[in-house]
Protein chains: 2
Amino acid sequence: MGFAARVDDFRFEITAVDGTTQGRNGRFYTPHGIIKTPVFAPVGTQATVKALKPSDLVELGATLILSNTYHLYLRPGDSLVRDLGGLHNFMQWPGPILTDSGGFQVFSLSDTRRIDADGVTFQSHLDGSYHRFTPESSIAVQENLGADIIMAFDECPPPTDYDYVKLSLTRTHPWLERCLAAKTRPDQALFGIIQGGIFPDLRAESAAFVTGLNLPGYAIGGLAVGETKAQMTATLDATVPLMPADKPRYLMGVGEPEDLVNAVIRGVDIFDCVAPTRLARHGTVYVHGGRLNLRNASHAKDPAPIAATCACYTCQHFSRAYLRHLVQANEILAHVLLSIHNVHFLVNLMQQMQDATRQGTLKQFADIFLSHYQEVRE
Amino acid sequence: MGFAARVDDFRFEITAVDGTTQGRNGRFYTPHGIIKTPVFAPVGTQATVKALKPSDLVELGATLILSNTYHLYLRPGDSLVRDLGGLHNFMQWPGPILTDSGGFQVFSLSDTRRIDADGVTFQSHLDGSYHRFTPESSIAVQENLGADIIMAFDECPPPTDYDYVKLSLTRTHPWLERCLAAKTRPDQALFGIIQGGIFPDLRAESAAFVTGLNLPGYAIGGLAVGETKAQMTATLDATVPLMPADKPRYLMGVGEPEDLVNAVIRGVDIFDCVAPTRLARHGTVYVHGGRLNLRNASHAKDPAPIAATCACYTCQHFSRAYLRHLVQANEILAHVLLSIHNVHFLVNLMQQMQDATRQGTLKQFADIFLSHYQEVRE
């Protein structure tokens, strides 16, 4: 296997700063291509962005895909993925891939889990079998999967429990050092994760530790897991300024349109979320101004597309009436077409923010988007 | 609405005869394009070939799509489809479409039904509501849907019950005359359906009546509904020679690979079947020689595609190991990718038979295909 990184890999260059906000455009170089930021990464949990072919993703403009270590470790197994040439070859995604560490899913999905200073023992949500993740094993799994960006194994604590979050940092920080020590592949960038819940002092403590390790990128973890929107925003305000400007900043698990805008204007570069494809499977689509549920009878006879100005395959071809019919009839094509639209919506939103940043008009764009976004929600 | 047919529409020209069999190649002209025969039509029951976008169908070479009158009448309603520009516009399929009459589904799907000389009253499988189809209403629904080829409303009787099949012809034949009288759109070709079960005398009686009406095409109905393969073949041998050579011959609901070959060498031109997409949703794929069930553990680590010589998107990109993973994980992409392969397999099989017919080698092709097809079945 060719593990050598090119000289440019994992370099991050700022290509534009907005000036009216903290927003910036960048390029992050990876062995599988350049990621232009700000970027939204669709989630391919089980080595597939649900309902979408790689060719669909290319067509709608996706550049970075996230896949989940926990799921792939359990099924089909990371050794199998490695033997089949790694995730890029396995799922036939030619562009950059990011894998998480599995830590979040161990806490959110497994039937039972027990955490100790060394790692976490958990039961599979598939068959109840027992497994153990440590910083070292998470890195080993992620090296087998072979993503371009891999994530430190950490604990994602309840964000509003000060004492627990503080205790959790005493595990998460040493685990990051162990991840770094365990890592062997030069063609993968290990990102550290800043935790600390909603508490500025804990975020500061974590940011100081994590950014002190001089990693190729840094993530903000532990948000969008139960805190209020105001708490999320305040935490970004407290945390982003503590992250070095010359490294990509990744806000994990966040992908609601208004959250993307709120974070980009604060200087965040990378996002991922299952929302666009999950909402699609429930018949809900993004439009400028909010969301539409296509099950609503108001769409039954509507010859208009979801959005007249949208350039996606779905909006270029199909009426709301047809899409509603597919949703009502529980047709697989509904999942396909609505997923295309929703992922395109977020990819295109990031593109619009890149354009606005280049023009120095990101504040204006964000103000209009956010004020309009509150108005319409079905 | 532009209902005028072009001067060429519904002309059928024979472009090649095999010589070694009864097989022939033809072109059937429709308002939405030329159908090169022999042709396999994927089924889009609810105005969607399950899991496939129109662009997928174009890419894999499909030309004719079948859609079901019974389903679309019940949901979303044929008036709605008409108001949205007809099926072609509604489902964004630019090529030829064929609709059945709804008769078969009334008998196979509805909760209860009562047949009389005038038509059939039935309960919806969706909500138990009562509905009635007559020859006139079936044609009216099919005119709202707007397919290029529409089918006569008939009864599909149990094929081995002589007395019932004979009685049924006394309904089906007058119904065909009523369909013809009810039809108003010049841009739709009404095909008559020859019934008669497995009984040569009844097939002859039906063929004489139906072909006497000088329609643009004729179908063989009532097969692949419970009779043996030998009975199907014998019925084709008894019926096809009674159908005019200068009109397309359509064998309804038949699409197993060996059945396609057996019917093409007997001079049948058009086929449809849900099998390729239904099998795909159960993890089963066609290969030369039979079928594979990708759930089988033997595929778990296999880096090979389903078929090394297959030109479909699925085989050009993905390993059996990956496809098996998607099937095991119940991912929507499994349905998409396996449907692409299976539909492509049948479309390509018809293309191969067209080529063999042009070269006068169809018997050889069929012998090899059929002998090999019996060997491997998982």
# chains A, B, ... in the order shown; residues from 1 in each chain; ligands from 1
>>> calpha_fit_and_write(fixed="chain A", moving="chain B", output="tab-separated table (two decimals) with C-alpha atoms, in the first residue's frame")
chain	number	residue	atom	x	y	z
B	1	MET	CA	-0.05	-0.03	0.03
B	2	GLY	CA	1.18	3.44	-0.80
B	3	PHE	CA	1.28	5.21	2.53
B	4	ALA	CA	3.52	8.10	1.57
B	5	ALA	CA	1.87	11.48	1.73
B	6	ARG	CA	2.74	14.12	-0.83
B	7	VAL	CA	4.62	17.15	0.28
B	8	ASP	CA	1.51	19.32	0.13
B	9	ASP	CA	-0.73	16.97	2.05
B	10	PHE	CA	-2.47	18.41	5.07
B	11	ARG	CA	-1.30	21.91	4.29
B	12	PHE	CA	-4.08	24.40	4.95
B	13	GLU	CA	-4.04	27.67	3.09
B	14	ILE	CA	-6.39	30.57	3.62
B	15	THR	CA	-7.53	31.82	0.23
B	16	ALA	CA	-9.89	34.58	1.34
B	17	VAL	CA	-11.01	36.32	4.50
B	18	ASP	CA	-14.39	37.94	4.63
B	19	GLY	CA	-13.58	40.95	6.80
B	20	THR	CA	-17.18	41.56	7.85
B	21	THR	CA	-17.18	38.37	9.93
B	22	GLN	CA	-14.66	35.77	11.11
B	23	GLY	CA	-15.44	33.73	8.00
B	24	ARG	CA	-12.65	32.58	5.74
B	25	ASN	CA	-12.13	30.40	2.70
B	26	GLY	CA	-9.41	27.79	2.65
B	27	ARG	CA	-7.93	24.81	0.90
B	28	PHE	CA	-7.01	21.70	2.83
B	29	TYR	CA	-4.72	19.38	0.87
B	30	THR	CA	-5.28	15.64	1.30
B	31	PRO	CA	-3.96	12.54	-0.50
B	32	HIS	CA	-7.33	12.28	-2.28
B	33	GLY	CA	-7.74	15.87	-3.30
B	34	ILE	CA	-8.19	19.41	-2.10
B	35	ILE	CA	-11.05	20.27	0.23
B	36	LYS	CA	-12.25	23.80	-0.34
B	37	THR	CA	-13.59	25.23	2.89
B	38	PRO	CA	-16.03	26.02	4.34
B	39	VAL	CA	-17.28	22.53	3.48
B	40	PHE	CA	-20.19	20.34	4.45
B	41	ALA	CA	-19.46	16.59	4.52
B	42	PRO	CA	-22.40	14.24	3.96
B	43	VAL	CA	-22.30	11.23	6.27
B	44	GLY	CA	-21.82	7.74	4.87
B	45	THR	CA	-22.23	5.83	8.11
B	46	GLN	CA	-21.92	2.33	6.70
B	47	ALA	CA	-19.58	3.21	3.81
B	48	THR	CA	-22.49	4.65	1.83
B	49	VAL	CA	-24.15	8.03	1.97
B	50	LYS	CA	-27.61	6.58	2.31
B	51	ALA	CA	-29.42	6.23	-1.05
B	52	LEU	CA	-26.71	8.00	-3.07
B	53	LYS	CA	-24.25	6.57	-5.54
B	54	PRO	CA	-20.76	8.04	-5.64
B	55	SER	CA	-21.64	9.44	-9.06
B	56	ASP	CA	-24.64	11.21	-7.52
B	57	LEU	CA	-22.36	12.77	-4.89
B	58	VAL	CA	-19.89	13.92	-7.53
B	59	GLU	CA	-22.73	15.41	-9.56
B	60	LEU	CA	-24.14	17.38	-6.65
B	61	GLY	CA	-20.74	18.76	-5.73
B	62	ALA	CA	-19.79	16.93	-2.54
B	63	THR	CA	-16.05	16.84	-1.87
B	64	LEU	CA	-15.58	15.37	1.61
B	65	ILE	CA	-17.44	12.33	2.97
B	66	LEU	CA	-17.58	11.20	6.59
B	67	SER	CA	-17.81	7.56	7.54
B	68	ASN	CA	-18.29	5.97	10.96
B	69	THR	CA	-15.61	3.87	12.58
B	70	TYR	CA	-17.98	2.27	15.09
B	71	HIS	CA	-20.30	0.93	12.39
B	72	LEU	CA	-17.59	-0.25	10.01
B	73	TYR	CA	-15.62	-1.90	12.81
B	74	LEU	CA	-18.70	-3.95	13.68
B	75	ARG	CA	-19.80	-4.58	10.09
B	76	PRO	CA	-18.22	-5.51	7.73
B	77	GLY	CA	-15.09	-5.18	9.88
B	78	ASP	CA	-12.16	-2.84	9.33
B	79	SER	CA	-9.79	-5.66	8.35
B	80	LEU	CA	-12.11	-6.56	5.51
B	81	VAL	CA	-12.21	-2.95	4.36
B	82	ARG	CA	-8.41	-2.82	4.53
B	83	ASP	CA	-8.11	-6.05	2.52
B	84	LEU	CA	-10.37	-4.57	-0.14
B	85	GLY	CA	-8.12	-1.57	-0.57
B	86	GLY	CA	-9.44	0.73	2.14
B	87	LEU	CA	-12.60	2.80	2.29
B	88	HIS	CA	-11.91	4.80	-0.87
B	89	ASN	CA	-11.71	1.66	-2.94
B	90	PHE	CA	-14.37	-0.23	-0.98
B	91	MET	CA	-17.07	2.42	-1.39
B	92	GLN	CA	-15.60	3.85	-4.60
B	93	TRP	CA	-15.42	7.38	-3.34
B	94	PRO	CA	-12.45	8.96	-5.07
B	95	GLY	CA	-12.31	12.11	-2.95
B	96	PRO	CA	-11.29	12.86	0.63
B	97	ILE	CA	-12.84	10.86	3.47
B	98	LEU	CA	-12.96	11.59	7.19
B	99	THR	CA	-13.60	8.91	9.82
B	100	ASP	CA	-14.66	9.63	13.36
B	101	SER	CA	-13.10	7.69	16.21
B	102	GLY	CA	-16.07	5.57	17.18
B	103	GLY	CA	-16.21	7.22	20.57
B	104	PHE	CA	-19.45	9.10	20.03
B	105	GLN	CA	-21.33	6.06	18.71
B	106	VAL	CA	-20.10	3.89	21.57
B	107	PHE	CA	-21.91	6.27	23.89
B	108	SER	CA	-24.95	6.97	21.75
B	109	LEU	CA	-25.67	3.60	20.09
B	110	SER	CA	-24.23	0.65	22.00
B	111	ASP	CA	-26.51	-1.25	24.32
B	112	THR	CA	-24.27	-0.91	27.36
B	113	ARG	CA	-20.80	0.54	27.86
B	114	ARG	CA	-18.32	0.91	30.69
B	115	ILE	CA	-15.68	3.58	30.56
B	116	ASP	CA	-12.36	3.48	32.40
B	117	ALA	CA	-9.11	5.37	32.17
B	118	ASP	CA	-7.83	3.04	29.48
B	119	GLY	CA	-10.83	2.88	27.14
B	120	VAL	CA	-14.45	1.77	26.76
B	121	THR	CA	-16.00	-1.69	26.78
B	122	PHE	CA	-19.34	-1.83	25.00
B	123	GLN	CA	-21.96	-4.11	23.57
B	124	SER	CA	-22.69	-4.07	19.84
B	125	HIS	CA	-26.08	-2.61	18.88
B	126	LEU	CA	-26.22	-5.31	16.20
B	127	ASP	CA	-25.90	-8.50	18.21
B	128	GLY	CA	-25.04	-7.62	21.82
B	129	SER	CA	-21.48	-8.94	21.51
B	130	TYR	CA	-18.81	-7.33	23.69
B	131	HIS	CA	-16.08	-5.12	22.25
B	132	ARG	CA	-13.48	-2.69	23.52
B	133	PHE	CA	-12.19	0.55	22.06
B	134	THR	CA	-9.04	2.22	23.31
B	135	PRO	CA	-7.20	5.15	21.76
B	136	GLU	CA	-4.79	2.66	20.22
B	137	SER	CA	-7.51	0.37	18.83
B	138	SER	CA	-9.50	3.29	17.44
B	139	ILE	CA	-6.43	4.48	15.56
B	140	ALA	CA	-5.71	0.94	14.37
B	141	VAL	CA	-9.26	0.64	13.04
B	142	GLN	CA	-9.05	4.05	11.38
B	143	GLU	CA	-5.73	3.10	9.80
B	144	ASN	CA	-7.37	0.01	8.36
B	145	LEU	CA	-10.21	2.11	7.01
B	146	GLY	CA	-7.69	4.51	5.50
B	147	ALA	CA	-9.51	7.85	5.54
B	148	ASP	CA	-7.60	11.04	4.79
B	149	ILE	CA	-8.65	12.65	8.08
B	150	ILE	CA	-8.93	10.57	11.23
B	151	MET	CA	-10.17	11.68	14.61
B	152	ALA	CA	-8.85	11.32	18.12
B	153	PHE	CA	-10.68	8.87	20.37
B	154	ASP	CA	-12.47	10.87	23.02
B	155	GLU	CA	-15.47	10.94	25.27
B	156	CYS	CA	-18.42	13.10	24.31
B	157	PRO	CA	-19.87	13.99	27.71
B	158	PRO	CA	-23.28	15.53	28.53
B	159	PRO	CA	-22.45	19.16	27.70
B	160	THR	CA	-24.14	20.85	30.66
B	161	ASP	CA	-22.78	18.71	33.52
B	162	TYR	CA	-19.76	20.71	34.69
B	163	ASP	CA	-18.26	18.16	37.03
B	164	TYR	CA	-18.60	15.31	34.58
B	165	VAL	CA	-17.23	17.34	31.68
B	166	LYS	CA	-14.23	18.37	33.79
B	167	LEU	CA	-13.57	14.78	34.83
B	168	SER	CA	-13.98	13.64	31.24
B	169	LEU	CA	-11.18	15.95	30.09
B	170	THR	CA	-8.79	14.00	32.33
B	171	ARG	CA	-9.50	10.99	30.12
B	172	THR	CA	-9.88	12.69	26.74
B	173	HIS	CA	-6.58	14.58	26.86
B	174	PRO	CA	-4.31	11.62	27.67
B	175	TRP	CA	-6.22	9.61	25.07
B	176	LEU	CA	-5.30	12.19	22.44
B	177	GLU	CA	-1.62	11.77	23.30
B	178	ARG	CA	-2.00	8.02	23.05
B	179	CYS	CA	-3.74	8.36	19.65
B	180	LEU	CA	-0.86	10.46	18.43
B	181	ALA	CA	1.67	7.94	19.68
B	182	ALA	CA	-0.24	5.03	18.14
B	183	LYS	CA	-0.60	6.60	14.72
B	184	THR	CA	1.67	5.15	12.01
B	185	ARG	CA	0.35	6.23	8.61
B	186	PRO	CA	1.83	9.44	7.21
B	187	ASP	CA	-0.99	9.73	4.69
B	188	GLN	CA	-3.63	10.36	7.35
B	189	ALA	CA	-4.15	13.60	9.28
B	190	LEU	CA	-5.10	13.15	12.93
B	191	PHE	CA	-7.38	15.92	14.19
B	192	GLY	CA	-7.60	16.61	17.91
B	193	ILE	CA	-10.95	17.33	19.51
B	194	ILE	CA	-11.61	20.17	21.92
B	195	GLN	CA	-14.21	19.19	24.51
B	196	GLY	CA	-15.45	21.11	27.54
B	197	GLY	CA	-19.21	21.18	27.14
B	198	ILE	CA	-20.81	24.61	27.37
B	199	PHE	CA	-18.24	25.91	29.88
B	200	PRO	CA	-15.78	28.55	28.63
B	201	ASP	CA	-13.12	27.69	31.22
B	202	LEU	CA	-13.20	24.01	30.32
B	203	ARG	CA	-13.16	24.80	26.60
B	204	ALA	CA	-10.15	27.04	27.22
B	205	GLU	CA	-8.41	24.29	29.17
B	206	SER	CA	-9.12	21.77	26.44
B	207	ALA	CA	-8.18	24.12	23.60
B	208	ALA	CA	-4.87	24.91	25.26
B	209	PHE	CA	-4.01	21.26	25.64
B	210	VAL	CA	-5.18	20.07	22.25
B	211	THR	CA	-3.80	22.90	20.14
B	212	GLY	CA	-0.51	22.57	21.99
B	213	LEU	CA	0.11	19.33	20.12
B	214	ASN	CA	0.51	21.03	16.74
B	215	LEU	CA	-1.90	18.82	14.83
B	216	PRO	CA	-2.98	19.39	11.20
B	217	GLY	CA	-6.51	20.28	12.27
B	218	TYR	CA	-8.75	20.74	15.29
B	219	ALA	CA	-12.34	19.87	15.99
B	220	ILE	CA	-14.95	21.18	18.37
B	221	GLY	CA	-16.72	18.18	19.85
B	222	GLY	CA	-19.62	17.77	22.20
B	223	LEU	CA	-22.07	20.20	20.61
B	224	ALA	CA	-25.45	19.58	18.99
B	225	VAL	CA	-26.02	16.92	21.64
B	226	GLY	CA	-28.66	18.53	23.82
B	227	GLU	CA	-27.60	22.09	24.53
B	228	THR	CA	-29.66	25.07	23.36
B	229	LYS	CA	-28.88	27.02	20.21
B	230	ALA	CA	-27.81	29.97	22.38
B	231	GLN	CA	-25.44	27.71	24.32
B	232	MET	CA	-23.98	26.37	21.08
B	233	THR	CA	-23.40	29.87	19.77
B	234	ALA	CA	-21.87	31.06	23.04
B	235	THR	CA	-19.59	28.04	23.10
B	236	LEU	CA	-18.43	28.77	19.56
B	237	ASP	CA	-17.78	32.38	20.56
B	238	ALA	CA	-15.70	31.14	23.48
B	239	THR	CA	-13.83	28.40	21.64
B	240	VAL	CA	-13.11	29.34	18.01
B	241	PRO	CA	-10.85	32.29	18.92
B	242	LEU	CA	-8.70	29.86	20.91
B	243	MET	CA	-8.07	27.72	17.82
B	244	PRO	CA	-5.12	28.61	15.56
B	245	ALA	CA	-6.16	30.50	12.44
B	246	ASP	CA	-3.82	28.54	10.22
B	247	LYS	CA	-5.43	25.14	10.84
B	248	PRO	CA	-8.84	23.89	9.70
B	249	ARG	CA	-11.58	24.02	12.32
B	250	TYR	CA	-14.14	21.26	12.31
B	251	LEU	CA	-17.48	21.45	14.14
B	252	MET	CA	-18.53	17.85	14.57
B	253	GLY	CA	-22.05	16.61	13.90
B	254	VAL	CA	-23.52	20.01	13.08
B	255	GLY	CA	-25.37	20.54	9.82
B	256	GLU	CA	-28.64	22.40	10.23
B	257	PRO	CA	-28.57	25.27	7.73
B	258	GLU	CA	-28.78	28.03	10.33
B	259	ASP	CA	-26.10	26.33	12.43
B	260	LEU	CA	-23.80	26.17	9.42
B	261	VAL	CA	-24.21	29.87	8.78
B	262	ASN	CA	-23.78	30.77	12.45
B	263	ALA	CA	-20.59	28.73	12.65
B	264	VAL	CA	-19.06	29.82	9.34
B	265	ILE	CA	-19.34	33.48	10.32
B	266	ARG	CA	-17.47	32.55	13.49
B	267	GLY	CA	-14.61	31.00	11.53
B	268	VAL	CA	-15.47	27.28	11.38
B	269	ASP	CA	-14.38	25.45	8.22
B	270	ILE	CA	-15.65	21.86	8.24
B	271	PHE	CA	-19.00	20.30	9.12
B	272	ASP	CA	-20.78	16.98	8.93
B	273	CYS	CA	-24.30	15.84	9.75
B	274	VAL	CA	-26.72	13.03	8.98
B	275	ALA	CA	-29.62	15.49	8.87
B	276	PRO	CA	-29.93	16.04	5.10
B	277	THR	CA	-30.23	12.34	4.28
B	278	ARG	CA	-32.22	11.46	7.39
B	279	LEU	CA	-34.73	14.25	6.80
B	280	ALA	CA	-34.99	13.15	3.17
B	281	ARG	CA	-36.00	9.67	4.23
B	282	HIS	CA	-38.80	11.25	6.23
B	283	GLY	CA	-40.05	13.33	3.30
B	284	THR	CA	-38.62	16.64	4.49
B	285	VAL	CA	-36.61	18.98	2.28
B	286	TYR	CA	-34.66	22.17	2.81
B	287	VAL	CA	-35.71	25.35	1.09
B	288	HIS	CA	-34.46	28.87	1.58
B	289	GLY	CA	-36.48	29.96	4.52
B	290	GLY	CA	-36.88	26.62	6.23
B	291	ARG	CA	-38.11	23.13	5.57
B	292	LEU	CA	-40.99	21.58	3.70
B	293	ASN	CA	-42.63	18.30	4.56
B	294	LEU	CA	-43.67	16.86	1.22
B	295	ARG	CA	-46.32	14.69	2.87
B	296	ASN	CA	-48.33	17.86	3.33
B	297	ALA	CA	-51.43	17.77	1.11
B	298	SER	CA	-50.66	21.29	-0.08
B	299	HIS	CA	-48.04	19.79	-2.39
B	300	ALA	CA	-50.32	17.16	-3.93
B	301	LYS	CA	-51.03	18.99	-7.19
B	302	ASP	CA	-48.09	21.36	-7.27
B	303	PRO	CA	-46.26	21.27	-10.62
B	304	ALA	CA	-43.40	23.39	-9.24
B	305	PRO	CA	-40.08	21.91	-8.17
B	306	ILE	CA	-38.98	22.03	-4.52
B	307	ALA	CA	-37.06	25.21	-5.34
B	308	ALA	CA	-37.26	27.02	-8.65
B	309	THR	CA	-33.69	28.31	-8.37
B	310	CYS	CA	-32.13	25.00	-7.29
B	311	ALA	CA	-29.76	23.38	-9.76
B	312	CYS	CA	-29.95	19.83	-8.35
B	313	TYR	CA	-31.11	16.88	-10.48
B	314	THR	CA	-34.30	16.61	-8.44
B	315	CYS	CA	-35.34	20.23	-8.88
B	316	GLN	CA	-34.29	20.24	-12.52
B	317	HIS	CA	-36.69	17.39	-13.28
B	318	PHE	CA	-39.46	16.71	-10.81
B	319	SER	CA	-42.56	18.43	-9.48
B	320	ARG	CA	-43.49	18.58	-5.83
B	321	ALA	CA	-46.58	16.60	-6.81
B	322	TYR	CA	-44.47	13.73	-8.15
B	323	LEU	CA	-42.10	13.80	-5.19
B	324	ARG	CA	-45.02	13.81	-2.77
B	325	HIS	CA	-46.48	10.82	-4.63
B	326	LEU	CA	-43.20	8.95	-4.20
B	327	VAL	CA	-43.09	9.82	-0.50
B	328	GLN	CA	-46.69	8.76	0.06
B	329	ALA	CA	-46.09	5.52	-1.83
B	330	ASN	CA	-42.92	4.91	0.22
B	331	GLU	CA	-40.87	4.54	-2.95
B	332	ILE	CA	-37.09	4.18	-2.71
B	333	LEU	CA	-36.76	6.85	-5.37
B	334	ALA	CA	-38.19	9.35	-2.88
B	335	HIS	CA	-35.20	8.72	-0.61
B	336	VAL	CA	-32.83	9.06	-3.55
B	337	LEU	CA	-34.29	12.26	-4.98
B	338	LEU	CA	-34.85	14.05	-1.67
B	339	SER	CA	-31.37	13.10	-0.45
B	340	ILE	CA	-29.91	14.56	-3.63
B	341	HIS	CA	-31.77	17.80	-3.02
B	342	ASN	CA	-30.94	18.12	0.67
B	343	VAL	CA	-27.25	17.33	0.32
B	344	HIS	CA	-27.05	19.67	-2.66
B	345	PHE	CA	-28.76	22.36	-0.60
B	346	LEU	CA	-26.06	22.25	2.07
B	347	VAL	CA	-23.18	21.86	-0.38
B	348	ASN	CA	-24.53	24.82	-2.31
B	349	LEU	CA	-25.02	26.84	0.89
B	350	MET	CA	-21.33	26.39	1.64
B	351	GLN	CA	-20.50	27.42	-1.92
B	352	GLN	CA	-22.61	30.54	-1.51
B	353	MET	CA	-20.77	31.38	1.70
B	354	GLN	CA	-17.44	30.85	-0.07
B	355	ASP	CA	-18.57	33.29	-2.74
B	356	ALA	CA	-19.75	35.82	-0.17
B	357	THR	CA	-16.47	35.54	1.71
B	358	ARG	CA	-14.54	36.16	-1.48
B	359	GLN	CA	-16.66	39.25	-2.04
B	360	GLY	CA	-16.47	40.40	1.58
B	361	THR	CA	-20.24	40.20	1.96
B	362	LEU	CA	-20.63	37.26	4.29
B	363	LYS	CA	-22.27	39.26	7.08
B	364	GLN	CA	-24.93	40.49	4.70
B	365	PHE	CA	-25.50	37.02	3.33
B	366	ALA	CA	-25.76	35.55	6.82
B	367	ASP	CA	-28.12	38.26	8.07
B	368	ILE	CA	-30.49	37.76	5.17
B	369	PHE	CA	-30.31	33.98	5.34
B	370	LEU	CA	-30.88	33.79	9.07
B	371	SER	CA	-33.68	36.33	9.21
B	372	HIS	CA	-35.49	34.63	6.35
B	373	TYR	CA	-34.81	31.19	7.77
B	374	GLN	CA	-36.83	31.93	10.87
B	375	GLU	CA	-39.88	32.96	8.91
B	376	VAL	CA	-40.97	29.85	7.11
B	377	ARG	CA	-41.04	26.47	8.76
B	378	GLU	CA	-43.76	24.01	7.97
>>> select_by_dssp(residues="region 56-200 of chain A", states="strand (DSSP E)", output="MDAnalysis selection string")
chainID A and resid 65:67 97:99 113:115 120:123 130:133 149:151 189:194
>>> select_by_dssp(residues="region 236-266 of chain B", states="alpha helix (DSSP H)", output="PyMOL selection string")
chain B and resi 236-239+257-264
>>> write_last_selection(atoms="C-alpha atoms", output="PDB file, in the first residue's frame")
ATOM      1  CA  LEU B 236     -46.109 -20.065 -27.141  1.00  0.00           C
ATOM      2  CA  ASP B 237     -45.618 -22.729 -29.808  1.00  0.00           C
ATOM      3  CA  ALA B 238     -49.383 -22.880 -30.280  1.00  0.00           C
ATOM      4  CA  THR B 239     -50.045 -19.145 -30.184  1.00  0.00           C
ATOM      5  CA  PRO B 257     -33.749 -14.747 -18.530  1.00  0.00           C
ATOM      6  CA  GLU B 258     -34.448 -18.257 -19.817  1.00  0.00           C
ATOM      7  CA  ASP B 259     -38.067 -17.330 -20.545  1.00  0.00           C
ATOM      8  CA  LEU B 260     -36.926 -14.316 -22.556  1.00  0.00           C
ATOM      9  CA  VAL B 261     -34.636 -16.461 -24.664  1.00  0.00           C
ATOM     10  CA  ASN B 262     -37.253 -19.178 -25.135  1.00  0.00           C
ATOM     11  CA  ALA B 263     -39.812 -16.611 -26.257  1.00  0.00           C
ATOM     12  CA  VAL B 264     -37.530 -14.544 -28.507  1.00  0.00           C
TER      13      VAL B 264
END
